[in-house]
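Peer 1: My questions will all concern the structure given below.
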Amino acid sequence: MLHLNHRIDHRAPLDGADTNMLSCEAAREVERFLRCRNGHKETPLISLPGLANEIGVGSIQVKDEGHRLGLGSFKALGGSYAVIRLVLEAATRPLGRAVDVSELHAPEVKAVAREMTVSCATDGNHGRSVAQGAQLVGANCAIFVHSGVSQQRIAAIVRYGAQMIRVNGNYDDSVAQASRVAAENGWTTVSDTSWPGYERIPGLVMQGYTALLSEALRQLPEPPTHVFVQAGVGGIAAAIAGRFSVLLGDNRPFFTVVDPSRAACLFESARAGYPVKVAHRQTTVMAMLECYEPSLIAWRILSRAADAFMIVDDEDAVSVMKRLANPRDGDPPVVAGESGGAGMAGLLKVAANSTLRGQIGLGPEARVFLINTEGATDPDLYEELVGQSPAQVAGSNLGRLHAHDPGPLR
């Protein structure tokens with residue numbers, strides 16, 4: 001269930017390219033780009049003192065990405081940011097000069113964007129972000145979806161004008177076909193996973209994710225001692241773990257990567273000591289995390305910056321959805337999708353086991369940081385699993401939720 005990182009490079013400095021990608025300068029640039037986006041505001045940090053008292057830790061703070069840029073997911077920070085960067089870079093060639101984000105809607109930049117097609121494979125949220133970015137800059141967009149992507153998530157992508165291409169099989173199959181078709185057509189692949197020879201663009205996607213940690217560190221009353229972050233291919237976990245490594249070095253919090261038990265590619269990679277592709281057997285309700293092979297960049301970072309890897313089951317994820325929707329002891333409600341609360345599911349499993357608590361040093365003074373990576377991105381499924389609609393949950397304490405956006409909670 002939990003595997004401590006015993007690799008020889010554990011807690012070693014990051015590779016130079018990864019350090020640059022996650023540097024303070026890069027993180028500041030990401031936030032500068034964000035300030036140019038209509039509708040941008042910091043997502044709330046939610047304090048759960050009732051749950052913290054119940055499980056015997058000092059505090060639990062949850063960064064709620066269900067409010068991010070109208071997409072309901074942290075993915076809004078990555079794909080669209082990469083698309084914007086790529087269009088601006090493409091415009092430098094015909095214009096013969098550097099092009100700034102402030103010029104994004106200039107006619108000469110729009111003309112360049114109209115000649116570009118960006119594409120990717122998705123479980124739902126990343127494709128939505130890429131499509132949103134393409135619509136923003138005026139580029140063409142093609143999104144590859146596998147057979148497990150729900151109709152509601154597909155409809156949410158179509159809303160941004162993307163061409164949808166169906167792929168038989170799972171997420172990894174859609175990644176392979178998206179890469180092949182893009183190469184045949186001269187499209188630009190904007191993937192959130194990397195493979196040999198393809199790292200820069202996934203690096204930009206991960207760089208975009210750093211904005212949520214920049215915000216959280218301004219909102220947190222104190223730095224965390226423990227962090228649990230869920231993983232699919234590993235991009236968000238690596239971005240956060242790597243950023244903590246760059247910022248705090250040996251003083252960074254204990255970082256645990258949480259995988260679904262039915263798609264545990266990072267957990268199995270940690271146990272093997274090298275990147276592992278796991279077999280596709282039974283699907284998981286944590287659809288946004290259903291990935292069977294880790295991103296090479298993410299693994300390179302996590303092999304150094306993550307301290308433990310663990311798995312949670314589908315029932316754990318659903319239980320957290322219900323618990324967050326129906327909190328006790330005065331905690332505010334949080335709308336978390338099937339994948340959104342997986343990090344909390346990991347925390348609760350560790351907290352309930354004295355041996356595991358001892359292994360990661362989760363004591364009564366621990367300050368835990370979590371990320372609700374998505375809200376109800378499939379509202380029908382959310383209501384089926386939780387027994388309430390997202391609007392009912394959010395409306396039960398809406399005033400209290402907004403009162404904490406985006407200032408620090410103490």
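Letters A, B, ... mark the chains of the structure tokens in the order given; residue numbers begin at 1 per chain; ligand numbers begin at 1, in order shown.
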Would you list the contacts of stretch 242-257 of chain A as a list in words, taking every protein, DNA or RNA residue within 6 Å and counting only C-alpha atoms, but skipping same-chain residues closer than 4 positions in sequence?

Peer 2: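 My reading of the contact set: Leu22, Thr225, His226, Val227, Phe228, Val229, Gln230, Ala238, Ala305, Ala306, Asp307, Ala308 and Phe309 of chain A.
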
Peer 1: Please list as a ChimeraX atom specification every residue within 12 Å of stretch 217-224 of chain A, counting only C-alpha atoms and excluding residues in the same chain fewer than 3 positions away.

Peer 2: /A:42-47,57-63,210-214,227-228,240,243-244,247-248,251-255,362,365-370,404-410

Peer 1: Using only C-alpha atoms, tabulate the residues of stretch 224-248 of chain A lying at most 12 Å from any atom of stretch 120-143 of chain A, each with its closest atom pair and that distance in Å to one decimal, by chain and increasing residue number, as CSV.

Peer 2:
residue,atom,partner,partner_atom,distance
A:Gly232,CA,A:Asp123,CA,10.1
A:Val233,CA,A:Asp123,CA,11.3
A:Gly235,CA,A:His126,CA,11.1
A:Ile236,CA,A:His126,CA,11.6

Peer 1: Can I get the selection written as an mmCIF file, in the first residue's frame, with C-alpha atoms?

Peer 2:
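Contents of again-v4.cif, as written:
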data_model
loop_
_atom_site.group_PDB
_atom_site.id
_atom_site.type_symbol
_atom_site.label_atom_id
_atom_site.label_comp_id
_atom_site.auth_asym_id
_atom_site.auth_seq_id
_atom_site.Cartn_x
_atom_site.Cartn_y
_atom_site.Cartn_z
ATOM 1 C CA GLY A 232 -1.956 9.852 -13.424
ATOM 2 C CA VAL A 233 1.128 10.132 -15.626
ATOM 3 C CA GLY A 235 2.661 15.722 -14.151
ATOM 4 C CA ILE A 236 0.932 17.545 -11.291
#

Peer 1: Give me, as CSV, each residue of stretch 90-166 of chain A that comes within 8 Å of stretch 180-187 of chain A, together with its shortest interatomic pair and the distance in Å at one decimal, counting only C-alpha atoms, with rows ordered by chain and rising residue number.

Peer 2:
residue,atom,partner,partner_atom,distance
A:Met116,CA,A:Trp187,CA,7.0
A:Thr117,CA,A:Trp187,CA,5.1
A:Val118,CA,A:Trp187,CA,5.8
A:Ser119,CA,A:Trp187,CA,6.7

Peer 1: Quick one: which stretch 263-378 of chain A residues come within 12 Å of stretch 151-159 of chain A, and what is the nearest atom pair for each with the distance in Å to one decimal, counting only C-alpha atoms, rows ordered by chain and ascending number, as a tab-separated table?

Peer 2:
residue	atom	partner	partner_atom	distance
A:Ala287	CA	A:Arg153	CA	10.9
A:Met288	CA	A:Arg153	CA	10.7
A:Ala376	CA	A:Arg153	CA	10.3
A:Thr377	CA	A:Arg153	CA	6.8
A:Asp378	CA	A:Gln152	CA	5.8

Peer 1: So that I have them on file, write out the residues from the current selection with all heavy atoms, as a CSV table (one decimal), in the first residue's frame.

Peer 2:
chain,number,residue,atom,x,y,z
A,287,ALA,N,-11.1,8.4,-13.2
A,287,ALA,CA,-10.9,8.4,-14.7
A,287,ALA,C,-9.7,9.3,-15.1
A,287,ALA,O,-9.0,9.0,-16.0
A,287,ALA,CB,-12.1,8.7,-15.4
A,288,MET,N,-9.6,10.4,-14.4
A,288,MET,CA,-8.6,11.4,-14.8
A,288,MET,C,-7.2,10.9,-14.4
A,288,MET,O,-6.2,11.5,-14.8
A,288,MET,CB,-8.8,12.7,-14.1
A,288,MET,CG,-10.1,13.4,-14.5
A,288,MET,SD,-10.3,13.7,-16.3
A,288,MET,CE,-11.4,12.3,-16.7
A,376,ALA,N,-16.7,18.7,-10.1
A,376,ALA,CA,-17.5,17.7,-10.7
A,376,ALA,C,-17.5,17.9,-12.2
A,376,ALA,O,-18.4,18.5,-12.8
A,376,ALA,CB,-19.0,17.9,-10.2
A,377,THR,N,-16.4,17.4,-12.9
A,377,THR,CA,-16.3,17.6,-14.3
A,377,THR,C,-17.3,16.7,-15.1
A,377,THR,O,-17.4,16.8,-16.3
A,377,THR,CB,-14.8,17.3,-14.8
A,377,THR,OG1,-14.4,16.0,-14.3
A,377,THR,CG2,-13.9,18.4,-14.2
A,378,ASP,N,-17.9,15.7,-14.4
A,378,ASP,CA,-19.0,14.9,-15.0
A,378,ASP,C,-20.1,15.0,-14.0
A,378,ASP,O,-20.2,14.1,-13.1
A,378,ASP,CB,-18.5,13.5,-15.2
A,378,ASP,CG,-19.6,12.6,-15.9
A,378,ASP,OD1,-20.8,13.0,-15.8
A,378,ASP,OD2,-19.2,11.7,-16.6

Peer 1: Among stretch 66-208 of chain A, which residues carry a DSSP assignment of alpha helix (DSSP H), reported as a ChimeraX atom specification?

Peer 2: /A:79-95,107-114,125-137,151-158,171-185,200-208

Peer 1: Among stretch 294-350 of chain A, which ones does DSSP place in strand (DSSP E), written as a PyMOL selection string?

Peer 2: chain A and resi 308-312

Peer 1: Counting only C-alpha atoms, which of A:Val318, A:Val335, A:Met206, A:Cys265 gets nearest to A:Asp172?

Peer 2: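 Nearest to A:Asp172: A:Cys265.
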
Peer 1: For A:Lys41, which residue among A:Ala12, A:Leu77, A:Ala27, A:Met310 is the nearest when counting only C-alpha atoms?

Peer 2: A:Leu77

Peer 1: Counting only C-alpha atoms, which of A:Leu324, A:Ile371, A:Ile311, A:Ile297 gets nearest to A:Asp18?

Peer 2: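 The closest residue to A:Asp18 is A:Ile297.
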
Peer 1: Name all residues at most 10 Å from A:Arg300 (count only C-alpha atoms; drop same-chain ones fewer than 2 positions away) and give them as a list in words.

Peer 2: Asp9, Leu14, Asp15, Asp18, Ala238, Gly242, Tyr274, Pro275, Pro294, Ser295, Leu296, Ile297, Ala298, Leu302, Ser303, Arg304 and Ala305 of chain A

Peer 1: Show me, as a PyMOL selection string, the residues that have an atom within 12 Å of stretch 91-103 of chain A when counting only C-alpha atoms, minus same-chain residues fewer than 2 positions from it.

Peer 2: chain A and resi 29-37+81+83-89+105-116+136-137

Peer 1: Nearest to A:Leu4 among A:Ala279, A:Ala270, A:Ala345, A:Ala391, with distances taken over only C-alpha atoms: which residue is it?

Peer 2: A:Ala270

Peer 1: Write out as a VMD selection string which residues come within 12 Å of A:Ala352 when counting only C-alpha atoms, dropping same-chain ones fewer than 2 positions away.

Peer 2: chain A and resid 54 to 57 345 to 350 354 to 358 362 to 363

Peer 1: Deliver the residues from the most recent selection as a file, using all heavy atoms, as a short mmCIF file (atom, residue, chain, number, x, y, z; two decimals), in the first residue's frame.

Peer 2:
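File produced: out.cif:
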data_model
loop_
_atom_site.label_atom_id
_atom_site.label_comp_id
_atom_site.auth_asym_id
_atom_site.auth_seq_id
_atom_site.Cartn_x
_atom_site.Cartn_y
_atom_site.Cartn_z
N GLU A 54 -10.15 15.12 13.88
CA GLU A 54 -10.63 13.73 13.87
C GLU A 54 -9.51 12.74 13.62
O GLU A 54 -9.46 11.67 14.25
CB GLU A 54 -11.71 13.58 12.80
CG GLU A 54 -12.27 12.18 12.66
CD GLU A 54 -13.28 12.08 11.54
OE1 GLU A 54 -14.02 13.05 11.30
OE2 GLU A 54 -13.32 11.01 10.89
N ILE A 55 -8.59 13.05 12.70
CA ILE A 55 -7.53 12.08 12.37
C ILE A 55 -6.23 12.35 13.12
O ILE A 55 -5.25 11.63 12.92
CB ILE A 55 -7.27 12.03 10.85
CG1 ILE A 55 -6.63 13.33 10.34
CG2 ILE A 55 -8.55 11.73 10.09
CD1 ILE A 55 -6.16 13.25 8.90
N GLY A 56 -6.20 13.38 13.95
CA GLY A 56 -5.05 13.60 14.80
C GLY A 56 -3.86 14.25 14.13
O GLY A 56 -2.72 13.84 14.33
N VAL A 57 -4.12 15.30 13.34
CA VAL A 57 -3.03 16.11 12.78
C VAL A 57 -3.30 17.57 13.11
O VAL A 57 -4.42 17.93 13.52
CB VAL A 57 -2.89 15.93 11.24
CG1 VAL A 57 -2.54 14.50 10.90
CG2 VAL A 57 -4.15 16.36 10.51
N ALA A 345 -7.72 10.68 0.07
CA ALA A 345 -7.91 9.26 0.35
C ALA A 345 -6.61 8.64 0.84
O ALA A 345 -6.60 7.80 1.75
CB ALA A 345 -8.42 8.55 -0.90
N GLY A 346 -5.48 9.05 0.24
CA GLY A 346 -4.19 8.57 0.70
C GLY A 346 -3.90 9.00 2.13
O GLY A 346 -3.44 8.20 2.96
N LEU A 347 -4.16 10.27 2.43
CA LEU A 347 -3.96 10.76 3.79
C LEU A 347 -4.77 9.95 4.80
O LEU A 347 -4.24 9.54 5.85
CB LEU A 347 -4.36 12.24 3.86
CG LEU A 347 -4.55 12.82 5.28
CD1 LEU A 347 -3.23 12.84 6.04
CD2 LEU A 347 -5.17 14.22 5.20
N LEU A 348 -6.04 9.71 4.51
CA LEU A 348 -6.90 9.00 5.46
C LEU A 348 -6.45 7.57 5.68
O LEU A 348 -6.54 7.04 6.79
CB LEU A 348 -8.35 9.05 4.99
CG LEU A 348 -8.98 10.46 4.91
CD1 LEU A 348 -10.43 10.38 4.46
CD2 LEU A 348 -8.87 11.18 6.24
N LYS A 349 -5.95 6.92 4.62
CA LYS A 349 -5.47 5.54 4.79
C LYS A 349 -4.22 5.52 5.68
O LYS A 349 -4.07 4.64 6.52
CB LYS A 349 -5.15 4.92 3.42
CG LYS A 349 -6.37 4.63 2.58
CD LYS A 349 -6.09 3.71 1.41
CE LYS A 349 -6.10 2.26 1.84
NZ LYS A 349 -6.20 1.33 0.70
N VAL A 350 -3.33 6.47 5.48
CA VAL A 350 -2.13 6.53 6.32
C VAL A 350 -2.50 6.86 7.76
O VAL A 350 -2.01 6.25 8.72
CB VAL A 350 -1.13 7.55 5.76
CG1 VAL A 350 0.00 7.79 6.76
CG2 VAL A 350 -0.56 7.07 4.43
N SER A 354 -1.20 3.08 12.34
CA SER A 354 -0.12 3.62 13.18
C SER A 354 1.26 3.32 12.59
O SER A 354 2.19 4.15 12.71
CB SER A 354 -0.21 3.06 14.60
OG SER A 354 -0.12 1.64 14.59
N THR A 355 1.40 2.18 11.93
CA THR A 355 2.70 1.86 11.31
C THR A 355 3.02 2.82 10.19
O THR A 355 4.14 3.34 10.09
CB THR A 355 2.69 0.41 10.78
OG1 THR A 355 2.45 -0.49 11.87
CG2 THR A 355 4.02 0.08 10.12
N LEU A 356 2.03 3.07 9.32
CA LEU A 356 2.24 3.99 8.21
C LEU A 356 2.47 5.41 8.72
O LEU A 356 3.31 6.14 8.17
CB LEU A 356 1.05 3.96 7.25
CG LEU A 356 0.77 2.62 6.56
CD1 LEU A 356 -0.42 2.75 5.62
CD2 LEU A 356 2.00 2.15 5.78
N ARG A 357 1.74 5.81 9.74
CA ARG A 357 1.96 7.14 10.31
C ARG A 357 3.41 7.29 10.77
O ARG A 357 4.06 8.32 10.53
CB ARG A 357 1.02 7.39 11.50
CG ARG A 357 -0.43 7.55 11.14
CD ARG A 357 -1.26 7.92 12.38
NE ARG A 357 -1.03 9.32 12.72
CZ ARG A 357 -1.99 10.24 12.81
NH1 ARG A 357 -3.27 9.89 12.59
NH2 ARG A 357 -1.71 11.47 13.13
N GLY A 358 3.91 6.27 11.41
CA GLY A 358 5.29 6.31 11.87
C GLY A 358 6.28 6.37 10.73
O GLY A 358 7.31 7.06 10.81
N LEU A 362 3.80 11.24 10.42
CA LEU A 362 2.55 11.99 10.47
C LEU A 362 2.07 12.06 11.91
O LEU A 362 1.30 11.23 12.38
CB LEU A 362 1.49 11.32 9.58
CG LEU A 362 0.19 12.11 9.37
CD1 LEU A 362 0.43 13.29 8.45
CD2 LEU A 362 -0.90 11.20 8.78
N GLY A 363 2.52 13.09 12.62
CA GLY A 363 2.20 13.24 14.02
C GLY A 363 1.11 14.27 14.28
O GLY A 363 0.54 14.85 13.36
#

Peer 1: Can you write out as a Markdown table which residues of stretch 301-373 of chain A fall within 12 Å of stretch 280-284 of chain A, alongside each residue's closest atom pair and its distance in Å to one decimal, counting only C-alpha atoms and ordering rows by chain and ascending residue number?

Peer 2:
| residue | atom | partner | partner_atom | distance |
| --- | --- | --- | --- | --- |
| A:Val312 | CA | A:Thr284 | CA | 10.7 |
| A:Asp313 | CA | A:Thr284 | CA | 8.4 |
| A:Asp314 | CA | A:Thr284 | CA | 6.4 |
| A:Glu315 | CA | A:Thr284 | CA | 9.9 |
| A:Asp316 | CA | A:Thr284 | CA | 11.5 |
| A:Ala317 | CA | A:Thr284 | CA | 10.0 |
| A:Val318 | CA | A:Thr284 | CA | 11.0 |
| A:Glu338 | CA | A:Thr284 | CA | 9.5 |
| A:Ser339 | CA | A:Thr284 | CA | 9.7 |
| A:Ala342 | CA | A:Thr284 | CA | 11.9 |

Peer 1: Could the residues in this selection be written to a file with C-alpha atoms, as a compact mmCIF listing (two decimals), in the first residue's frame?

Peer 2:
# COMPACT_ATOMS: atom_id res chain seq x y z
CA VAL A 312 -5.87 3.86 -2.97
CA ASP A 313 -8.91 1.91 -4.12
CA ASP A 314 -12.00 3.13 -5.93
CA GLU A 315 -14.11 2.89 -2.78
CA ASP A 316 -11.60 5.12 -0.98
CA ALA A 317 -11.99 7.81 -3.64
CA VAL A 318 -15.80 7.68 -3.57
CA GLU A 338 -13.80 11.14 -8.69
CA SER A 339 -10.10 11.92 -9.04
CA ALA A 342 -7.52 10.85 -4.23

Peer 1: When distances are computed from only C-alpha atoms, which of A:Glu25, A:Glu268, A:Glu293, A:Asp192 shows the smallest separation from A:Asn5?

Peer 2: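 Closest to A:Asn5 of all the choices is A:Glu268.
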
Peer 1: Take atom CA of A:Asn170 and atom CA of A:Ser147 and report the distance between them in Å, one decimal.

Peer 2: 6.7 Å

Peer 1: Please compute the atom CA of A:Gly66-atom CA of A:Ser269 distance, one decimal, in Å.

Peer 2: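 That distance, rounded to one decimal, is 29.1 Å.
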
Peer 1: Taking 3 positions as the minimum chain separation for residues in the same chain, which residues sit within 8 Å of A:His67 when counting only C-alpha atoms? Answer as a VMD selection string.

Peer 2: chain A and resid 43 to 44 64 70 to 73 375

Peer 1: Would you mind exporting all heavy atoms of the selected residues as a short mmCIF file (atom, residue, chain, number, x, y, z; two decimals), in the first residue's frame?

Peer 2:
data_model
loop_
_atom_site.label_atom_id
_atom_site.label_comp_id
_atom_site.auth_asym_id
_atom_site.auth_seq_id
_atom_site.Cartn_x
_atom_site.Cartn_y
_atom_site.Cartn_z
N THR A 43 -7.57 30.42 -6.89
CA THR A 43 -8.53 29.46 -6.36
C THR A 43 -8.43 29.43 -4.84
O THR A 43 -7.39 29.75 -4.26
CB THR A 43 -8.28 28.06 -6.93
OG1 THR A 43 -6.93 27.69 -6.70
CG2 THR A 43 -8.58 28.03 -8.43
N PRO A 44 -9.52 29.07 -4.16
CA PRO A 44 -9.52 29.14 -2.70
C PRO A 44 -8.69 28.04 -2.04
O PRO A 44 -8.51 26.95 -2.59
CB PRO A 44 -11.00 28.99 -2.34
CG PRO A 44 -11.59 28.25 -3.49
CD PRO A 44 -10.83 28.70 -4.71
N ASP A 64 -8.41 24.23 -3.75
CA ASP A 64 -9.58 23.75 -4.48
C ASP A 64 -9.55 24.21 -5.93
O ASP A 64 -10.01 25.29 -6.27
CB ASP A 64 -10.85 24.24 -3.79
CG ASP A 64 -12.10 23.59 -4.37
OD1 ASP A 64 -11.96 22.77 -5.29
OD2 ASP A 64 -13.21 23.92 -3.89
N GLY A 70 -12.98 28.40 -15.05
CA GLY A 70 -14.17 27.89 -15.70
C GLY A 70 -14.07 26.46 -16.17
O GLY A 70 -15.05 25.91 -16.70
N LEU A 71 -12.91 25.81 -15.99
CA LEU A 71 -12.74 24.43 -16.45
C LEU A 71 -12.94 23.40 -15.34
O LEU A 71 -13.09 22.22 -15.60
CB LEU A 71 -11.35 24.23 -17.08
CG LEU A 71 -11.32 24.35 -18.61
CD1 LEU A 71 -11.59 25.81 -19.00
CD2 LEU A 71 -9.98 23.91 -19.16
N GLY A 72 -12.89 23.85 -14.10
CA GLY A 72 -13.15 22.95 -12.99
C GLY A 72 -12.02 22.00 -12.67
O GLY A 72 -12.23 20.98 -12.01
N SER A 73 -10.79 22.34 -13.09
CA SER A 73 -9.67 21.42 -12.89
C SER A 73 -8.35 22.19 -12.95
O SER A 73 -8.24 23.20 -13.66
CB SER A 73 -9.68 20.33 -13.97
OG SER A 73 -8.45 19.65 -14.06
N GLY A 375 -13.21 19.53 -9.76
CA GLY A 375 -14.56 19.52 -9.22
C GLY A 375 -15.37 18.45 -9.94
O GLY A 375 -14.84 17.44 -10.40
#
